[in-house]
file run.cif (mmCIF, C-alpha atoms and all ligand atoms)
data_my_file
loop_
_atom_site.label_atom_id
_atom_site.label_comp_id
_atom_site.auth_asym_id
_atom_site.auth_seq_id
_atom_site.Cartn_x
_atom_site.Cartn_y
_atom_site.Cartn_z
CA MET A 1 -13.10 -20.01 12.43
CA ARG A 2 -12.20 -16.78 10.71
CA PRO A 3 -8.70 -15.30 10.71
CA TRP A 4 -8.60 -11.83 12.29
CA ILE A 5 -6.15 -8.98 12.62
CA SER A 6 -4.65 -9.15 16.10
CA GLY A 7 -2.27 -6.17 15.79
CA THR A 8 -1.11 -3.37 13.51
CA GLY A 9 2.06 -1.28 13.30
CA SER A 10 3.75 1.19 11.00
CA TYR A 11 6.95 3.11 10.53
CA ALA A 12 7.87 6.15 8.46
CA PRO A 13 11.43 7.41 7.95
CA ALA A 14 12.24 10.69 9.69
CA LYS A 15 13.12 12.78 6.64
CA VAL A 16 10.22 14.85 5.27
CA LEU A 17 10.30 16.01 1.63
CA THR A 18 7.80 18.85 1.13
CA ASN A 19 6.28 20.21 -2.05
CA ALA A 20 8.41 23.31 -1.50
CA ASP A 21 11.51 21.08 -1.59
CA LEU A 22 10.29 19.61 -4.91
CA GLU A 23 9.82 23.11 -6.33
CA ARG A 24 13.58 23.45 -6.04
CA MET A 25 14.19 20.12 -7.86
CA VAL A 26 11.80 20.14 -10.87
CA ALA A 27 9.46 22.56 -12.66
CA THR A 28 6.45 22.19 -10.38
CA SER A 29 4.57 24.07 -7.69
CA ASP A 30 3.09 23.29 -4.31
CA GLU A 31 -0.28 24.44 -5.66
CA TRP A 32 -0.17 22.07 -8.68
CA ILE A 33 0.83 19.08 -6.53
CA ARG A 34 -1.83 19.76 -3.87
CA GLU A 35 -4.60 20.36 -6.38
CA ARG A 36 -3.78 17.51 -8.78
CA THR A 37 -2.81 14.87 -6.16
CA GLY A 38 -3.69 15.99 -2.62
CA ILE A 39 -0.10 15.40 -1.47
CA ARG A 40 1.69 17.97 0.75
CA GLU A 41 4.74 16.00 1.86
CA ARG A 42 6.22 12.52 1.85
CA ARG A 43 8.84 10.63 3.91
CA ILE A 44 12.16 9.62 2.40
CA ALA A 45 14.46 6.87 3.73
CA ALA A 46 17.91 7.94 4.90
CA GLY A 47 20.89 6.83 2.83
CA GLY A 48 21.55 3.21 3.74
CA GLU A 49 18.02 2.71 5.12
CA ALA A 50 16.59 -0.23 3.16
CA CYS A 51 13.21 -1.93 2.80
CA SER A 52 13.89 -4.45 5.59
CA ASP A 53 14.88 -1.66 8.03
CA LEU A 54 11.45 -0.07 7.62
CA ALA A 55 9.71 -3.47 7.63
CA VAL A 56 11.36 -4.60 10.88
CA GLN A 57 10.18 -1.44 12.71
CA ALA A 58 6.60 -1.81 11.46
CA GLY A 59 6.62 -5.56 12.16
CA ARG A 60 7.85 -5.07 15.75
CA ARG A 61 5.08 -2.57 16.42
CA ALA A 62 2.43 -4.92 15.02
CA LEU A 63 3.74 -7.78 17.19
CA GLU A 64 3.68 -5.52 20.28
CA ALA A 65 0.09 -4.51 19.51
CA ALA A 66 -0.85 -8.19 19.11
CA ARG A 67 1.05 -9.03 22.35
CA LEU A 68 2.92 -11.76 20.53
CA SER A 69 6.52 -12.87 20.48
CA ALA A 70 8.17 -13.22 17.06
CA THR A 71 8.83 -16.88 17.91
CA GLU A 72 5.07 -17.49 17.71
CA LEU A 73 4.94 -16.51 14.03
CA ASP A 74 4.41 -19.24 11.42
CA MET A 75 5.15 -17.01 8.46
CA VAL A 76 6.51 -13.59 7.49
CA LEU A 77 5.23 -12.14 4.21
CA VAL A 78 6.69 -8.91 2.83
CA ALA A 79 4.83 -7.19 0.01
CA THR A 80 7.25 -4.93 -1.82
CA CYS A 81 8.58 -3.84 -5.20
CA THR A 82 11.68 -2.24 -3.64
CA GLY A 83 13.21 -5.12 -1.65
CA ASP A 84 16.74 -5.02 -0.22
CA TYR A 85 18.15 -7.34 -2.94
CA PRO A 86 16.98 -9.32 -5.98
CA LEU A 87 17.69 -12.22 -3.65
CA PRO A 88 17.37 -13.28 -0.87
CA ALA A 89 13.79 -12.27 -0.18
CA THR A 90 13.49 -9.24 2.10
CA ALA A 91 11.12 -11.31 4.26
CA CYS A 92 14.05 -13.60 5.19
CA VAL A 93 16.09 -10.60 6.39
CA VAL A 94 13.07 -9.47 8.43
CA GLN A 95 12.42 -12.99 9.78
CA TYR A 96 16.00 -13.19 11.10
CA ARG A 97 16.08 -9.69 12.55
CA LEU A 98 12.75 -10.12 14.33
CA GLY A 99 13.82 -13.52 15.70
CA ALA A 100 10.90 -15.32 14.08
CA THR A 101 12.75 -18.59 14.38
CA LYS A 102 9.85 -20.89 13.44
CA ALA A 103 8.51 -18.83 10.54
CA ALA A 104 8.55 -19.41 6.80
CA ALA A 105 9.39 -16.23 4.88
CA CYS A 106 8.88 -14.94 1.37
CA ASP A 107 8.13 -11.76 -0.58
CA LEU A 108 5.09 -11.01 -2.66
CA SER A 109 5.24 -8.77 -5.72
CA ALA A 110 1.97 -7.12 -6.73
CA ALA A 111 3.06 -3.46 -6.59
CA CYS A 112 0.52 -1.22 -4.84
CA CYS A 113 -1.82 -4.22 -4.39
CA GLY A 114 0.90 -6.23 -2.68
CA PHE A 115 -0.45 -5.77 0.83
CA VAL A 116 -4.02 -6.86 0.02
CA TYR A 117 -2.71 -9.82 -2.02
CA ALA A 118 -0.44 -10.81 0.92
CA LEU A 119 -3.32 -10.39 3.37
CA SER A 120 -5.32 -12.83 1.29
CA VAL A 121 -2.43 -15.34 1.27
CA ALA A 122 -2.15 -15.01 5.06
CA ASP A 123 -5.91 -15.46 5.39
CA ALA A 124 -5.73 -18.70 3.37
CA TYR A 125 -2.79 -20.09 5.39
CA VAL A 126 -4.43 -19.29 8.72
CA ARG A 127 -7.72 -20.85 7.57
CA THR A 128 -5.76 -24.03 6.79
CA GLY A 129 -3.81 -24.36 10.03
CA MET A 130 -1.23 -21.64 10.64
CA ARG A 131 -1.70 -19.66 13.88
CA HIS A 132 -0.02 -16.29 13.23
CA VAL A 133 1.22 -14.67 9.99
CA LEU A 134 2.98 -11.29 9.93
CA VAL A 135 2.05 -9.36 6.77
CA ILE A 136 4.17 -6.31 5.99
CA GLY A 137 4.00 -3.79 3.15
CA SER A 138 7.32 -1.97 2.96
CA GLU A 139 8.69 0.31 0.26
CA VAL A 140 11.65 2.55 -0.44
CA MET A 141 10.09 4.09 -3.53
CA SER A 142 12.68 6.88 -3.46
CA VAL A 143 15.31 4.50 -4.93
CA ILE A 144 13.22 3.78 -8.04
CA THR A 145 12.00 7.37 -8.45
CA ASP A 146 13.40 9.49 -11.26
CA TRP A 147 14.02 12.75 -9.41
CA THR A 148 14.21 14.63 -12.72
CA ASP A 149 10.71 13.52 -13.90
CA ARG A 150 8.05 15.87 -12.56
CA ASN A 151 5.27 13.54 -13.75
CA THR A 152 6.23 10.89 -11.20
CA CYS A 153 8.66 12.23 -8.60
CA ILE A 154 6.00 14.26 -6.82
CA LEU A 155 3.88 11.19 -6.16
CA PHE A 156 5.88 8.65 -4.19
CA GLY A 157 7.13 8.23 -0.63
CA ASP A 158 8.76 5.64 1.64
CA GLY A 159 7.29 3.75 4.60
CA ALA A 160 6.11 0.45 6.03
CA GLY A 161 2.97 -0.93 7.65
CA ALA A 162 2.23 -4.34 9.14
CA VAL A 163 -0.57 -6.49 10.49
CA VAL A 164 -0.60 -9.81 12.31
CA VAL A 165 -3.21 -12.23 10.95
CA SER A 166 -4.14 -14.72 13.68
CA ALA A 167 -6.36 -17.75 14.10
CA GLY A 168 -9.66 -16.46 15.43
CA GLU A 169 -11.33 -18.91 17.79
CA GLY A 170 -14.10 -17.29 19.78
CA MET A 171 -13.98 -14.01 17.87
CA ASP A 172 -17.77 -13.90 17.51
CA GLY A 173 -18.14 -13.06 13.83
CA ARG A 174 -15.10 -10.79 13.68
CA GLY A 175 -12.30 -11.31 11.18
CA ILE A 176 -11.49 -11.25 7.47
CA LEU A 177 -14.86 -11.75 5.74
CA SER A 178 -13.64 -11.78 2.13
CA THR A 179 -10.80 -10.92 -0.22
CA HIS A 180 -11.08 -10.31 -3.97
CA LEU A 181 -8.00 -10.24 -6.22
CA ARG A 182 -7.85 -9.27 -9.90
CA SER A 183 -5.28 -8.59 -12.62
CA ASP A 184 -5.00 -7.52 -16.26
CA GLY A 185 -1.49 -7.94 -17.65
CA GLN A 186 -2.60 -6.46 -20.96
CA LEU A 187 -2.32 -3.09 -19.22
CA SER A 188 1.15 -3.79 -17.84
CA GLU A 189 2.77 -1.00 -19.84
CA LEU A 190 0.91 1.68 -17.88
CA ILE A 191 3.32 1.49 -14.93
CA THR A 192 6.75 -0.12 -15.33
CA VAL A 193 10.33 -0.14 -14.15
CA PRO A 194 11.76 -1.12 -17.55
CA ALA A 195 15.27 -2.26 -16.59
CA GLY A 196 17.02 -4.20 -13.86
CA GLY A 197 15.27 -7.53 -14.47
CA SER A 198 15.96 -10.36 -16.92
CA ARG A 199 14.26 -8.56 -19.86
CA ASN A 200 16.63 -5.57 -19.70
CA PRO A 201 19.47 -6.29 -17.27
CA SER A 202 21.05 -3.17 -15.79
CA SER A 203 23.82 -1.71 -17.92
CA GLU A 204 25.53 1.64 -18.25
CA LYS A 205 23.02 2.45 -20.99
CA THR A 206 19.91 1.57 -18.95
CA ILE A 207 21.23 3.55 -16.01
CA ALA A 208 22.08 6.57 -18.20
CA GLU A 209 18.50 6.42 -19.55
CA ARG A 210 17.09 6.05 -15.99
CA LEU A 211 15.30 2.85 -17.01
CA GLN A 212 15.68 1.49 -13.47
CA CYS A 213 13.12 4.13 -12.42
CA ILE A 214 9.32 4.14 -12.57
CA LYS A 215 7.68 5.18 -15.83
CA MET A 216 3.97 5.80 -15.67
CA LYS A 217 1.16 6.80 -18.01
CA GLY A 218 -0.55 8.75 -15.26
CA HIS A 219 -3.65 9.86 -17.06
CA GLU A 220 -4.60 6.38 -18.37
CA THR A 221 -3.79 4.85 -14.99
CA PHE A 222 -6.06 7.37 -13.31
CA LYS A 223 -9.07 6.31 -15.39
CA VAL A 224 -8.51 2.58 -14.88
CA ALA A 225 -7.98 3.13 -11.15
CA VAL A 226 -11.36 4.82 -10.71
CA ARG A 227 -13.15 2.10 -12.70
CA THR A 228 -11.49 -0.88 -11.01
CA LEU A 229 -11.75 0.47 -7.46
CA GLU A 230 -15.45 1.12 -7.91
CA GLU A 231 -16.07 -2.29 -9.51
CA ILE A 232 -14.24 -4.29 -6.86
CA ALA A 233 -15.85 -2.37 -4.00
CA ARG A 234 -19.31 -3.16 -5.43
CA GLU A 235 -18.34 -6.82 -5.87
CA THR A 236 -17.10 -6.96 -2.28
CA LEU A 237 -20.23 -5.39 -0.85
CA ALA A 238 -22.45 -7.75 -2.88
CA ALA A 239 -20.43 -10.84 -1.90
CA ASN A 240 -20.98 -10.00 1.76
CA GLY A 241 -24.62 -8.95 1.39
CA LEU A 242 -23.72 -5.44 2.58
CA SER A 243 -24.44 -1.90 1.40
CA VAL A 244 -22.21 1.18 1.67
CA ASP A 245 -24.21 2.17 4.76
CA ASP A 246 -22.82 -0.89 6.55
CA VAL A 247 -19.19 0.23 5.99
CA ASP A 248 -17.67 2.08 8.95
CA LEU A 249 -14.37 2.90 7.25
CA TYR A 250 -13.06 2.53 3.68
CA VAL A 251 -9.27 2.31 3.63
CA PRO A 252 -8.10 2.66 0.01
CA HIS A 253 -4.64 2.69 -1.51
CA GLN A 254 -3.42 6.27 -1.17
CA ALA A 255 -2.46 7.28 -4.72
CA ASN A 256 -4.33 10.48 -5.58
CA VAL A 257 -7.07 12.30 -3.70
CA ARG A 258 -8.93 12.94 -6.98
CA ILE A 259 -9.05 9.20 -7.72
CA LEU A 260 -10.41 8.49 -4.25
CA THR A 261 -12.94 11.32 -4.40
CA ALA A 262 -14.26 10.05 -7.73
CA VAL A 263 -14.55 6.49 -6.38
CA ILE A 264 -16.37 7.41 -3.17
CA GLU A 265 -18.76 9.73 -5.02
CA ARG A 266 -19.66 6.89 -7.40
CA LEU A 267 -20.13 4.51 -4.47
CA GLY A 268 -22.07 7.02 -2.38
CA LEU A 269 -19.61 6.84 0.52
CA PRO A 270 -19.29 10.05 2.56
CA PRO A 271 -15.70 11.36 3.03
CA GLU A 272 -15.97 10.96 6.83
CA LYS A 273 -16.07 7.19 6.25
CA VAL A 274 -12.83 7.21 4.27
CA MET A 275 -9.25 7.11 5.54
CA PHE A 276 -7.07 9.71 3.80
CA ASN A 277 -3.43 10.20 4.80
CA LEU A 278 -1.72 10.70 1.44
CA ASP A 279 -1.29 14.40 2.21
CA ARG A 280 1.47 13.33 4.64
CA TYR A 281 2.93 10.24 2.93
CA GLY A 282 2.24 10.40 -0.80
CA ASN A 283 1.92 7.06 -2.56
CA THR A 284 3.90 4.45 -0.60
CA SER A 285 2.80 1.57 -2.88
CA ALA A 286 2.36 -1.67 -0.89
CA ALA A 287 2.85 0.20 2.39
CA SER A 288 0.00 2.65 1.93
CA ILE A 289 -2.94 0.57 3.15
CA PRO A 290 -1.25 -0.94 6.24
CA ILE A 291 0.08 2.50 7.28
CA ALA A 292 -3.41 3.94 6.89
CA LEU A 293 -4.93 1.00 8.81
CA ASP A 294 -2.48 1.43 11.68
CA GLU A 295 -3.15 5.17 11.89
CA ALA A 296 -6.90 4.56 11.85
CA VAL A 297 -6.64 1.95 14.64
CA ARG A 298 -4.42 4.15 16.81
CA ALA A 299 -6.68 7.18 16.25
CA GLY A 300 -9.71 5.15 17.39
CA ARG A 301 -11.38 5.29 13.95
CA ILE A 302 -11.34 1.48 13.82
CA LYS A 303 -12.58 -0.37 16.90
CA ALA A 304 -13.56 -3.96 17.68
CA GLY A 305 -16.54 -4.78 15.46
CA SER A 306 -15.98 -1.94 12.91
CA MET A 307 -16.74 -2.93 9.30
CA VAL A 308 -13.62 -2.02 7.31
CA MET A 309 -13.29 -2.25 3.53
CA LEU A 310 -9.89 -2.13 1.80
CA GLY A 311 -9.39 -1.25 -1.89
CA ALA A 312 -6.16 -1.26 -3.89
CA PHE A 313 -4.94 -0.93 -7.47
CA GLY A 314 -1.53 -0.67 -9.03
CA ALA A 315 1.04 -1.83 -11.55
CA GLY A 316 0.38 -5.12 -13.28
CA LEU A 317 -2.30 -3.97 -13.50
CA THR A 318 -3.69 -5.45 -10.33
CA TRP A 319 -6.62 -4.52 -8.15
CA ALA A 320 -7.87 -6.04 -4.93
CA SER A 321 -10.17 -5.62 -1.96
CA ALA A 322 -10.92 -7.04 1.46
CA MET A 323 -13.81 -6.77 3.89
CA ILE A 324 -12.96 -7.11 7.56
CA ARG A 325 -15.16 -7.04 10.63
CA TRP A 326 -12.46 -5.72 12.97
O1 LIG B 401 -0.16 3.58 -7.32
C1 LIG B 401 0.27 3.62 -8.65
C2 LIG B 401 -0.82 4.07 -9.53
N1 LIG B 401 -0.59 5.37 -10.07
C3 LIG B 401 -1.41 6.39 -9.85
O2 LIG B 401 -2.34 6.32 -9.09
C4 LIG B 401 -1.25 7.65 -10.64
C5 LIG B 401 -2.51 8.00 -11.33
N2 LIG B 401 -2.40 9.23 -12.03
C6 LIG B 401 -2.36 10.45 -11.41
O3 LIG B 401 -2.36 10.54 -10.20
C7 LIG B 401 -2.36 11.67 -12.29
O4 LIG B 401 -2.54 11.27 -13.64
C8 LIG B 401 -1.07 12.53 -12.17
C9 LIG B 401 -1.06 13.22 -10.82
C10 LIG B 401 0.15 11.66 -12.33
C11 LIG B 401 -1.09 13.59 -13.27
O5 LIG B 401 -2.26 14.36 -13.17
P1 LIG B 401 -3.14 14.65 -14.47
O6 LIG B 401 -4.24 15.52 -14.05
O7 LIG B 401 -3.49 13.31 -15.08
O8 LIG B 401 -2.13 15.45 -15.37
P2 LIG B 401 -1.56 15.11 -16.82
O9 LIG B 401 -0.61 13.98 -16.74
O10 LIG B 401 -2.71 15.01 -17.77
O11 LIG B 401 -0.77 16.44 -17.12
C12 LIG B 401 -1.42 17.71 -17.18
C13 LIG B 401 -0.36 18.79 -17.34
C14 LIG B 401 0.68 18.45 -18.40
O12 LIG B 401 1.00 19.66 -19.08
P3 LIG B 401 0.42 19.96 -20.53
O13 LIG B 401 0.89 18.81 -21.38
O14 LIG B 401 -1.06 19.99 -20.35
O15 LIG B 401 1.04 21.27 -20.84
C15 LIG B 401 1.87 17.99 -17.60
O16 LIG B 401 3.10 18.21 -18.26
O17 LIG B 401 0.38 18.94 -16.11
C16 LIG B 401 1.77 18.86 -16.37
N3 LIG B 401 2.44 18.30 -15.21
C17 LIG B 401 2.89 19.04 -14.20
N4 LIG B 401 2.88 20.37 -13.97
C18 LIG B 401 3.41 20.79 -12.82
C19 LIG B 401 2.71 16.99 -14.97
N5 LIG B 401 3.33 16.88 -13.78
C20 LIG B 401 3.47 18.14 -13.29
C21 LIG B 401 4.02 18.66 -12.11
N6 LIG B 401 3.98 20.00 -11.91
N7 LIG B 401 4.57 17.87 -11.17
#
call {"tool": "encode", "arguments": {"input": "run.cif", "output": "structure tokens"}}
result
Amino acid sequence: MRPWISGTGSYAPAKVLTNADLERMVATSDEWIRERTGIRERRIAAGGEACSDLAVQAGRRALEAARLSATELDMVLVATCTGDYPLPATACVVQYRLGATKAAACDLSAACCGFVYALSVADAYVRTGMRHVLVIGSEVMSVITDWTDRNTCILFGDGAGAVVVSAGEGMDGRGILSTHLRSDGQLSELITVPAGGSRNPSSEKTIAERLQCIKMKGHETFKVAVRTLEEIARETLAANGLSVDDVDLYVPHQANVRILTAVIERLGLPPEKVMFNLDRYGNTSAASIPIALDEAVRAGRIKAGSMVMLGAFGAGLTWASAMIRW
């Protein structure tokens, strides 16, 4: 009995921030951003719109697609690095607002890999007895973005995506075939939010120095991302006895089109078998893969039986993959 994905949903805030808007904020150009990242625009949460607001919308849509009531959920997992509060967990806010009265709830912090890590947790719980787990990746990256730093502010966007992982009796070989999770904390300094935790509690000084915002060594991160995404994709294919020809759609974390192009060239995957939507959303961290999955399902690019490979990397550093026969 293999857990499977019984429904997907996503939500993006209404406000669109274009590259032309960014040209008016920092010394950059639409051309530089498009050529170096592939991003044209990103969504930004309205003032007062928090992580759980986005997560609830995406979660509702996934439940509708799965034709499930929230009361049937055993667990709500929210992958995020931009939760509503340090505590309680954003998942508890979502659990209450969805009416998931019988569900456990907690957050998972693995930055851009959060969704794939949470999917693997859901997979394990469903394999060991739970019936339905709602997995949401939701981020309001705009609140931890330094809007004066052109190296990072052009990259990120806000959004949420969700899937329901369900017990899969009678699914005839469909479901989550494998997950692979990795980390290397030695590289943790590549992407950090230096203040706001117990190491550097927020103070007037940390706020004045914008240490509650993302700092990133983009160039080094780029190189590690290409290497780790390729490695974990090869490991995933080998573990399942598959070749790239067997993959119908690769759904990677949407960070930079040049990273993804380098990875798929190394793997020998044609671009038509890859889901790209970062031109419209930028990097939405833990939300990027479930948003892309939902768009691919609704566009008919993923159908029952499709072989779908996920690949993620991010702060930590962490990297992760999953193979799903949809
Ligand atoms: O999901 C989290 C994981 N993070 C990532 O995936 C990010 C990975 N890294 C990247 O996507 C790329 O490294 C960036 C898009 C962040 C930067 O691209 P790059 O090709 O690595 O550029 P660079 O950092 O080497 O900078 C090249 C030049 C620099 O100027 P000089 O020093 O050569 O004169 C930068 O100052 O580009 C300059 N630059 C910009 N110019 C115009 C940096 N940001 C901008 C900008 N507009 N927004």
call {"tool": "closest_atom_pairs", "arguments": {"input": "run.cif", "of": "chain A", "to": "ligand LIG 401 (chain B)", "cutoff": "7 Å", "atoms": "only C-alpha atoms and all ligand atoms", "output": "Markdown table"}}
result
| residue | atom | partner | partner_atom | distance |
| --- | --- | --- | --- | --- |
| A:Ala27 | CA | B:LIG401 | N6 | 6.1 |
| A:Thr28 | CA | B:LIG401 | N6 | 3.6 |
| A:Ser29 | CA | B:LIG401 | N6 | 5.9 |
| A:Trp32 | CA | B:LIG401 | C18 | 5.6 |
| A:Ile33 | CA | B:LIG401 | N7 | 6.1 |
| A:Arg36 | CA | B:LIG401 | C9 | 5.5 |
| A:Thr37 | CA | B:LIG401 | C9 | 5.2 |
| A:Cys112 | CA | B:LIG401 | O1 | 5.4 |
| A:Arg150 | CA | B:LIG401 | N7 | 4.2 |
| A:Asn151 | CA | B:LIG401 | N5 | 3.9 |
| A:Thr152 | CA | B:LIG401 | C10 | 6.2 |
| A:Ile154 | CA | B:LIG401 | N7 | 5.8 |
| A:Gly218 | CA | B:LIG401 | O4 | 3.6 |
| A:His219 | CA | B:LIG401 | O4 | 3.9 |
| A:Thr221 | CA | B:LIG401 | C5 | 5.0 |
| A:Phe222 | CA | B:LIG401 | C5 | 4.1 |
| A:Ala225 | CA | B:LIG401 | O2 | 6.8 |
| A:Ala255 | CA | B:LIG401 | O2 | 4.5 |
| A:Asn256 | CA | B:LIG401 | O3 | 5.0 |
| A:Asn283 | CA | B:LIG401 | O1 | 6.3 |
| A:Ser285 | CA | B:LIG401 | O1 | 5.7 |
| A:Phe313 | CA | B:LIG401 | O1 | 6.6 |
| A:Gly314 | CA | B:LIG401 | C1 | 4.7 |
| A:Ala315 | CA | B:LIG401 | C1 | 6.2 |
call {"tool": "closest_atom_pairs", "arguments": {"input": "run.cif", "of": "segment 14-123 of chain A", "to": "segment 191-215 of chain A", "cutoff": "12 Å", "atoms": "only C-alpha atoms", "output": "tab-separated table"}}
result
residue	atom	partner	partner_atom	distance
A:Cys81	CA	A:Val193	CA	9.8
A:Thr82	CA	A:Val193	CA	10.8
A:Tyr85	CA	A:Gly196	CA	11.4
A:Pro86	CA	A:Gly197	CA	8.8
A:Ala110	CA	A:Ile191	CA	12.0
A:Ala111	CA	A:Ile191	CA	9.7
A:Cys112	CA	A:Ile191	CA	10.8
call {"tool": "atom_distance", "arguments": {"input": "run.cif", "atom1": "atom CA of Glu139 of chain A", "atom2": "atom CA of Asp107 of chain A"}}
result
12.1 Å
call {"tool": "closest_residue", "arguments": {"input": "run.cif", "among": "A:Gln95, A:Ala12, A:Asp123, A:Glu49", "to": "Ala70 of chain A", "atoms": "all atoms listed in the file"}}
result
A:Gln95
call {"tool": "atom_distance", "arguments": {"input": "run.cif", "atom1": "atom CA of Arg40 of chain A", "atom2": "atom CA of Arg258 of chain A"}}
result
14.1 Å
call {"tool": "build_atoms", "arguments": {"input": "run.cif", "residues": "segment 92-105 of chain A", "atoms": "N, CA, C and O atoms", "output": "mmCIF file, keeping the file's coordinate frame"}}
result
data_model
loop_
_atom_site.group_PDB
_atom_site.id
_atom_site.type_symbol
_atom_site.label_atom_id
_atom_site.label_comp_id
_atom_site.auth_asym_id
_atom_site.auth_seq_id
_atom_site.Cartn_x
_atom_site.Cartn_y
_atom_site.Cartn_z
ATOM 1 N N CYS A 92 13.089 -12.769 4.438
ATOM 2 C CA CYS A 92 14.050 -13.600 5.190
ATOM 3 C C CYS A 92 14.931 -12.722 6.081
ATOM 4 O O CYS A 92 15.262 -13.102 7.210
ATOM 5 N N VAL A 93 15.306 -11.542 5.575
ATOM 6 C CA VAL A 93 16.090 -10.600 6.390
ATOM 7 C C VAL A 93 15.254 -10.180 7.601
ATOM 8 O O VAL A 93 15.736 -10.137 8.735
ATOM 9 N N VAL A 94 13.982 -9.911 7.359
ATOM 10 C CA VAL A 94 13.070 -9.470 8.430
ATOM 11 C C VAL A 94 12.857 -10.609 9.434
ATOM 12 O O VAL A 94 12.895 -10.399 10.657
ATOM 13 N N GLN A 95 12.648 -11.811 8.912
ATOM 14 C CA GLN A 95 12.420 -12.990 9.780
ATOM 15 C C GLN A 95 13.582 -13.162 10.756
ATOM 16 O O GLN A 95 13.396 -13.345 11.964
ATOM 17 N N TYR A 96 14.810 -13.032 10.250
ATOM 18 C CA TYR A 96 16.000 -13.190 11.100
ATOM 19 C C TYR A 96 16.086 -12.064 12.116
ATOM 20 O O TYR A 96 16.292 -12.295 13.309
ATOM 21 N N ARG A 97 15.899 -10.835 11.636
ATOM 22 C CA ARG A 97 16.080 -9.690 12.550
ATOM 23 C C ARG A 97 14.993 -9.616 13.617
ATOM 24 O O ARG A 97 15.225 -9.107 14.702
ATOM 25 N N LEU A 98 13.811 -10.110 13.305
ATOM 26 C CA LEU A 98 12.750 -10.120 14.330
ATOM 27 C C LEU A 98 12.922 -11.306 15.291
ATOM 28 O O LEU A 98 12.339 -11.317 16.362
ATOM 29 N N GLY A 99 13.693 -12.306 14.891
ATOM 30 C CA GLY A 99 13.820 -13.520 15.700
ATOM 31 C C GLY A 99 12.629 -14.448 15.537
ATOM 32 O O GLY A 99 12.236 -15.150 16.474
ATOM 33 N N ALA A 100 12.056 -14.452 14.338
ATOM 34 C CA ALA A 100 10.900 -15.320 14.080
ATOM 35 C C ALA A 100 11.406 -16.697 13.680
ATOM 36 O O ALA A 100 11.285 -17.133 12.526
ATOM 37 N N THR A 101 11.955 -17.406 14.661
ATOM 38 C CA THR A 101 12.750 -18.590 14.380
ATOM 39 C C THR A 101 11.964 -19.757 13.776
ATOM 40 O O THR A 101 12.549 -20.650 13.168
ATOM 41 N N LYS A 102 10.631 -19.764 13.969
ATOM 42 C CA LYS A 102 9.850 -20.890 13.440
ATOM 43 C C LYS A 102 9.082 -20.528 12.164
ATOM 44 O O LYS A 102 8.270 -21.308 11.681
ATOM 45 N N ALA A 103 9.346 -19.317 11.641
ATOM 46 C CA ALA A 103 8.510 -18.830 10.540
ATOM 47 C C ALA A 103 9.093 -19.113 9.168
ATOM 48 O O ALA A 103 10.295 -19.004 8.952
ATOM 49 N N ALA A 104 8.202 -19.440 8.223
ATOM 50 C CA ALA A 104 8.550 -19.410 6.800
ATOM 51 C C ALA A 104 8.605 -17.934 6.389
ATOM 52 O O ALA A 104 8.050 -17.075 7.081
ATOM 53 N N ALA A 105 9.291 -17.643 5.280
ATOM 54 C CA ALA A 105 9.390 -16.230 4.880
ATOM 55 C C ALA A 105 9.507 -16.131 3.367
ATOM 56 O O ALA A 105 10.293 -16.848 2.744
#
